[in-house]
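Below is one structure; the comments refer to it alone.
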Amino acid sequence: MPDSADDALAAPLTRGHYMAVACVSCAVLLFEVLVTRLLSVTLSYHFAFLTISLAMLGLAAPGVFMAREAPTERTLRFALYGSAAALPLSVFAIAHLGAGMRGTIVFWIAVLLVPMLLLGTAVCVLLLFARGREVGRMYAADLGGAAIGALAAVPLLHGLPTPSVVAALGLLPLLAAFWIDSRRRIPGAIAAAVLAALVIWGAPFALHYTRYYVEQSPPLYEKWTPTARITVAPTTREFAGWGIGRNFRGQLPEQLWLDQDGSAGTPIYGYKPGAPIPESLRFDVVAAGYQLTSPKHACIIGGGGGRDILSALQGGAREVEVVELNPYTVDAVSNTFGGFSGNPYGLPGVTTFVGEGRNHFTRSSALCDLLQISQIDTFAASSAGAYALTENSLYTLEAMHAFWSRLSDDGVLSVSRWVAGPAWPESVRLVLLEMEALRSEGIGEPREHLVVLASHATANVMVFKKPVTAELLARVDEVRTKRGFQLLWPLPRRLWNESRVTEAIANGPGATENEGFDMSPPSDDRPFFFQTLDILRGSTRLAEKGTGEREQSVILLRRLVLLLGGVALALVMLPLVARGKLPRTKDFGRSTLFFASLGFGFMFIEIPLVQRLALYLGHPSYSTTIVLGSLLVGAGVGSFLAARVPRPRVRLALLCVPLALLVFVLPLMGPLSEATMAQAFAVRATIAALTIFSSGLMMGLCFPLGMSRFDGRDRSWYWAVNGATGVFASVLALVLALLAGFMFVASLAIACYLVAALSLPDEAAKAPRDEVQARPEIAGSTPSAAR
């Protein structure tokens, strides 16, 4: 195996090199996606935004430093064996040191960045070894491996312990080393066997803490899933309810606590079928709707531990339609702990569906007498991880229209959110959202359809299909008095300052927005219901101090833009500037603009697609798999075909890219998805995969076509520009989506590719052929696409 730079660059590539780059790229993508599951348990969920940016940085920075000194096979060996060790060690550090480092961001950056830098170094070295037509094949193998990783990520999250799976990724760089380092196969095999044994044992990588607490003893049940780490444990104290009325004096039933990622929990009540349902449920404000109406058909989004199911049956519902996102939650409650819970999902009259609630009721034709959404949200990063803010689609204008259309003539929509504590802005935004939805339904006075009851920190906002009558108000007063609830609406004018919710219903959002909160109604395109702090205008210190972690993520996002911009500048561009590596050609500015536009454009397409298609496909897991897999496979095919584009037609090919995005991506994010929402999943998945593959194919042409016009003296700078803009764009996309929506971000991506097509110089000064052969740079890779 050659050790010198010249020998390494002169040696022809073998099949082993292509297999090696595929293995390493697969590890990059899997680590990037899977580690977000760990971060969503151990840190505040919005820190998962870091993973995609650090992954981009890990791919970009090594290429820059290699521009200063040509890599050798020794460099490649160090990167492969180093990453094989760094991947499990990073998980070990998270599992055993992370509990004491939850507030130290430097620790988490180091834990994530070190393995990414080593993996990125291996990818860069392998791509640098390619020359001539080998570049296109190597780049295709690179993207093929990443596509395999994208397709494998979600299946690996189903039931397997995620920390062990992430640690096992160290086997992939060892496999890559096996393909290209024949002299060290026996030591590599021994290392692989040791790592496999540790992964099977599992103890070195087991997680025993969350971002809120350290587990004093192992839970009774633990299951890692694409959307949450589910645990079931004995309760340390009895849970009365989300908003238990002050008049409750009874005894609470025996309970277990079902927790998701250590932050979103619900009790499992001990219940025997046929026995009286616990009376405490009647005193929970989230169940007040059952006492104000007489629903025959109750619909529940988020069955959880089964409390709402029991409340519906207790309230007289003969048919209960339950939609639960996580199949492992249903399995735990119904099967593993079915003898304790009484299997509420399987009680007579209960029909259970596994899926996303909004998607289910958009496609359903059944009418609901009461549709209940009680404190349903996701604190944790989904399998989409860093690719999307963890907003679900339940709290948007379009969702409210869908739920409204599913109500019977006497139906009621009952949605419960926090009204006190750090998350109090949620209830204010909820009532404003529902009032705006009613106005768009043609209802002139939405306040006449609202009843809001509260207890402790929870408010139940009930929207009635018909205007609230005096008879219903009398019933509201009776239930409020009997249970000990607080009435927030309707109230006499003299009490309109009783609470922020009452004030918002009576006078609109003005007072709250003046404090720096964003109370605008969320939409499917801008679904950030929980992000209530104004990211652009800022907010008062009092407002920031009094809000919770989800609201604080907006503040973090502001800081991340500056932090990652600075890190990218320091690690990627400054080394080149300091050593005088800037290109000196006359088209330096246009060429820099070309590669910067590609860096922004790729990320501005990827992030909106993952977010928007979660609703269309019915689950964030499906969205992540189909979007990343189709996009990377398409980009790999496009890269392979780039060498066949005649030089006179390069600009025409580049101009076709924004046209393809306009034809495929924007309709998929809007009218096409709306028109086909009622189709079977196989049809929707096929539509999404084909349109994204077609877009990825065109996007994959760009970087090879551009880089082929420059020689080795210039490519390092353009690699750096593309990598740095990709790092910055991964966070900027979220900021822009918060401000203007994902469709705006995708439109900017089209504009970026148009700018790229117009800015690429007609011809660049080429180095002599022997210079290029002696020292080829990466001619077919982009940090944005190489993932």
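Ordered as shown in the structure tokens, chains take letters A, B, and onward, while each chain numbers its residues from 1 and ligands are numbered from 1 in the order shown.
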Within 10 Å of A:Leu472, counting only C-alpha atoms, which residues show up once you throw out same-chain ones fewer than 5 positions away? Write them as a list in words, please.
Leu292, Thr293, Val451, Pro467, Asp477 and Glu478 of chain A
Export, as a PDB file, in the first residue's frame, the selected residues with N, CA, C and O atoms.
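Listed below is the output, again-v2.pdb:
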ATOM      1  N   LEU A 292     -69.949  18.481  29.162  1.00  0.00           N
ATOM      2  CA  LEU A 292     -70.750  19.582  28.604  1.00  0.00           C
ATOM      3  C   LEU A 292     -71.611  19.111  27.449  1.00  0.00           C
ATOM      4  O   LEU A 292     -72.592  19.769  27.093  1.00  0.00           O
ATOM      5  N   THR A 293     -71.254  18.007  26.824  1.00  0.00           N
ATOM      6  CA  THR A 293     -72.029  17.461  25.710  1.00  0.00           C
ATOM      7  C   THR A 293     -72.272  15.981  25.974  1.00  0.00           C
ATOM      8  O   THR A 293     -71.837  15.444  26.985  1.00  0.00           O
ATOM      9  N   VAL A 451     -65.475  28.293  24.560  1.00  0.00           N
ATOM     10  CA  VAL A 451     -65.531  28.149  26.010  1.00  0.00           C
ATOM     11  C   VAL A 451     -64.138  27.716  26.460  1.00  0.00           C
ATOM     12  O   VAL A 451     -63.565  26.766  25.899  1.00  0.00           O
ATOM     13  N   PRO A 467     -72.999  28.198  17.877  1.00  0.00           N
ATOM     14  CA  PRO A 467     -72.746  29.224  18.904  1.00  0.00           C
ATOM     15  C   PRO A 467     -73.167  28.731  20.290  1.00  0.00           C
ATOM     16  O   PRO A 467     -74.125  27.971  20.455  1.00  0.00           O
ATOM     17  N   ASP A 477     -71.241  26.479  33.877  1.00  0.00           N
ATOM     18  CA  ASP A 477     -71.147  26.999  35.235  1.00  0.00           C
ATOM     19  C   ASP A 477     -71.338  25.882  36.260  1.00  0.00           C
ATOM     20  O   ASP A 477     -70.660  25.856  37.304  1.00  0.00           O
ATOM     21  N   GLU A 478     -72.223  24.953  35.956  1.00  0.00           N
ATOM     22  CA  GLU A 478     -72.463  23.832  36.870  1.00  0.00           C
ATOM     23  C   GLU A 478     -71.225  22.951  36.985  1.00  0.00           C
ATOM     24  O   GLU A 478     -70.809  22.584  38.099  1.00  0.00           O
TER      25      GLU A 478
END
Write down as a PyMOL selection string the residues belonging to stretch 134-222 of chain A that are assigned strand (DSSP E or B) by DSSP computed on the backbone.
chain A and resi 209+214+221-222
Measure the distance from atom CA of A:Lys465 to atom CA of A:Glu436 in Å and round it to one decimal.
14.7 Å
Once DSSP has gone over the backbone, tell me which residues of stretch 449-523 of chain A are in helix (DSSP H, G or I), as a ChimeraX atom specification.
/A:449,470-483,493-495,500-507,510-513
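Distance-wise, atom CA of A:Ala55 and atom CA of A:Ala146 end up 12.7 Å apart.
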Contacts of A:Phe681 at 10 Å (only C-alpha atoms; same-chain gap of 6+ positions) as a ChimeraX atom specification:
/A:616-618,687
Expected file: the selected residues, N, CA and C atoms, as a short mmCIF file (atom, residue, chain, number, x, y, z; two decimals), in the first residue's frame:
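Final output, saved to out.cif:
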data_model
loop_
_atom_site.label_atom_id
_atom_site.label_comp_id
_atom_site.auth_asym_id
_atom_site.auth_seq_id
_atom_site.Cartn_x
_atom_site.Cartn_y
_atom_site.Cartn_z
N TYR A 616 -47.65 14.80 4.71
CA TYR A 616 -48.11 14.13 3.49
C TYR A 616 -47.93 12.62 3.58
N LEU A 617 -46.80 12.19 4.13
CA LEU A 617 -46.50 10.76 4.20
C LEU A 617 -46.99 10.12 5.48
N GLY A 618 -47.43 10.93 6.44
CA GLY A 618 -48.08 10.39 7.62
C GLY A 618 -47.18 10.12 8.80
N ILE A 687 -45.14 8.96 -5.46
CA ILE A 687 -45.15 10.32 -5.98
C ILE A 687 -43.99 11.12 -5.39
#
Give the answer as one residue: which of A:Ile277, A:Val322, A:Ile109, A:Met400 has the shortest atom-to-atom distance to A:Leu430, using only C-alpha atoms?
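Among the listed residues, A:Met400 lies closest to A:Leu430.
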Give me the residues near stretch 171-177 of chain A as an mmCIF file with N, CA, C and O atoms, in the first residue's frame, where near means some atom within 7 Å (using only C-alpha atoms) and where sequence neighbours in that chain fewer than 6 positions away do not count.
data_model
loop_
_atom_site.group_PDB
_atom_site.id
_atom_site.type_symbol
_atom_site.label_atom_id
_atom_site.label_comp_id
_atom_site.auth_asym_id
_atom_site.auth_seq_id
_atom_site.Cartn_x
_atom_site.Cartn_y
_atom_site.Cartn_z
ATOM 1 N N MET A 19 -15.847 0.796 -2.717
ATOM 2 C CA MET A 19 -16.563 0.214 -1.590
ATOM 3 C C MET A 19 -16.247 0.971 -0.310
ATOM 4 O O MET A 19 -17.119 1.188 0.538
ATOM 5 N N ALA A 20 -14.982 1.394 -0.179
ATOM 6 C CA ALA A 20 -14.576 2.095 1.040
ATOM 7 C C ALA A 20 -15.297 3.427 1.176
ATOM 8 O O ALA A 20 -15.795 3.771 2.258
ATOM 9 N N CYS A 23 -18.852 2.894 2.230
ATOM 10 C CA CYS A 23 -18.986 2.543 3.649
ATOM 11 C C CYS A 23 -18.860 3.777 4.537
ATOM 12 O O CYS A 23 -19.636 3.968 5.479
ATOM 13 N N VAL A 24 -17.860 4.612 4.252
ATOM 14 C CA VAL A 24 -17.640 5.790 5.088
ATOM 15 C C VAL A 24 -18.789 6.783 4.935
ATOM 16 O O VAL A 24 -19.270 7.361 5.920
ATOM 17 N N ALA A 27 -21.649 5.708 6.925
ATOM 18 C CA ALA A 27 -21.446 6.008 8.351
ATOM 19 C C ALA A 27 -21.708 7.472 8.653
ATOM 20 O O ALA A 27 -22.286 7.812 9.690
ATOM 21 N N LEU A 80 -9.560 6.269 8.924
ATOM 22 C CA LEU A 80 -10.464 5.129 9.043
ATOM 23 C C LEU A 80 -10.396 4.492 10.425
ATOM 24 O O LEU A 80 -11.436 4.271 11.072
ATOM 25 N N TYR A 81 -9.196 4.193 10.898
ATOM 26 C CA TYR A 81 -9.088 3.554 12.211
ATOM 27 C C TYR A 81 -9.422 4.544 13.329
ATOM 28 O O TYR A 81 -9.979 4.159 14.372
ATOM 29 N N SER A 83 -11.676 7.030 13.121
ATOM 30 C CA SER A 83 -13.133 7.165 13.193
ATOM 31 C C SER A 83 -13.778 5.908 13.748
ATOM 32 O O SER A 83 -14.797 5.972 14.441
ATOM 33 N N ALA A 84 -13.187 4.736 13.459
ATOM 34 C CA ALA A 84 -13.719 3.488 14.026
ATOM 35 C C ALA A 84 -13.660 3.512 15.548
ATOM 36 O O ALA A 84 -14.518 2.933 16.227
ATOM 37 N N GLY A 188 -7.608 -5.519 11.972
ATOM 38 C CA GLY A 188 -8.911 -4.884 11.772
ATOM 39 C C GLY A 188 -10.051 -5.804 12.150
ATOM 40 O O GLY A 188 -11.051 -5.373 12.738
ATOM 41 N N ALA A 192 -12.862 -5.238 14.997
ATOM 42 C CA ALA A 192 -14.286 -5.347 14.689
ATOM 43 C C ALA A 192 -14.980 -6.322 15.641
ATOM 44 O O ALA A 192 -16.107 -6.075 16.101
#
Which residues come within 10 Å of A:Leu672, counting only C-alpha atoms, excluding same-chain residues fewer than 6 positions away, as a PyMOL selection string?
chain A and resi 664-666+684+687-688
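Around A:Arg590, within 12 Å and counting only C-alpha atoms, the residues found are Pro583, Ala596, Ser597, Gly706, Tyr718, Val755, Ala756, Ala757, Leu758, Ser759, Leu760, Pro761, Asp762, Glu763 and Ala764 of chain A, once anything fewer than 6 positions away on its own chain is removed.
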Tell me which of A:Thr225, A:Leu613, A:Ser364, A:Glu503 sits closest to A:Ser393, counting only C-alpha atoms.
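The shortest atom-to-atom distance to A:Ser393 comes from A:Leu613.
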Shell around A:Leu220 at 9 Å using only C-alpha atoms, local window under 5 positions removed, as a list in words:
Thr231, Val232, Ala233 and Pro234 of chain A
All heavy atoms of the current selection, written as a compact mmCIF listing (two decimals), in the first residue's frame:
# COMPACT_ATOMS: atom_id res chain seq x y z
N THR A 231 -39.92 4.80 27.99
CA THR A 231 -39.64 4.06 29.22
C THR A 231 -40.91 3.99 30.06
O THR A 231 -41.76 4.89 30.00
CB THR A 231 -38.53 4.73 30.06
OG1 THR A 231 -38.94 6.07 30.41
CG2 THR A 231 -37.22 4.78 29.29
N VAL A 232 -41.03 2.93 30.81
CA VAL A 232 -42.12 2.78 31.77
C VAL A 232 -41.48 2.46 33.12
O VAL A 232 -40.64 1.56 33.22
CB VAL A 232 -43.11 1.67 31.37
CG1 VAL A 232 -44.19 1.51 32.44
CG2 VAL A 232 -43.74 1.98 30.02
N ALA A 233 -41.87 3.22 34.13
CA ALA A 233 -41.28 3.06 35.45
C ALA A 233 -42.35 3.32 36.51
O ALA A 233 -43.37 3.97 36.23
CB ALA A 233 -40.11 4.02 35.64
N PRO A 234 -42.14 2.84 37.74
CA PRO A 234 -43.07 3.20 38.82
C PRO A 234 -43.05 4.70 39.05
O PRO A 234 -42.02 5.36 38.90
CB PRO A 234 -42.50 2.44 40.03
CG PRO A 234 -41.64 1.37 39.45
CD PRO A 234 -41.08 1.92 38.18
What's the separation between atom CA of A:Gly741 and atom CA of A:Thr592, in Å to one decimal place?
27.7 Å
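Among the candidates A:Ala203, A:Val35, A:Ile244, A:Arg77, the residue lying nearest to A:Leu157 is A:Val35 (atoms considered: only C-alpha atoms).
Nearest-residue note for A:Met698: choosing from A:Gly636, A:Gly726, A:Gly670, A:Pro88, the minimum distance belongs to A:Gly636, counting only C-alpha atoms.
Considering the residues A:Leu76, A:Val114, A:Val501, A:Ala402 and counting only C-alpha atoms, A:Phe361 has its shortest atom-to-atom contact with A:Ala402.
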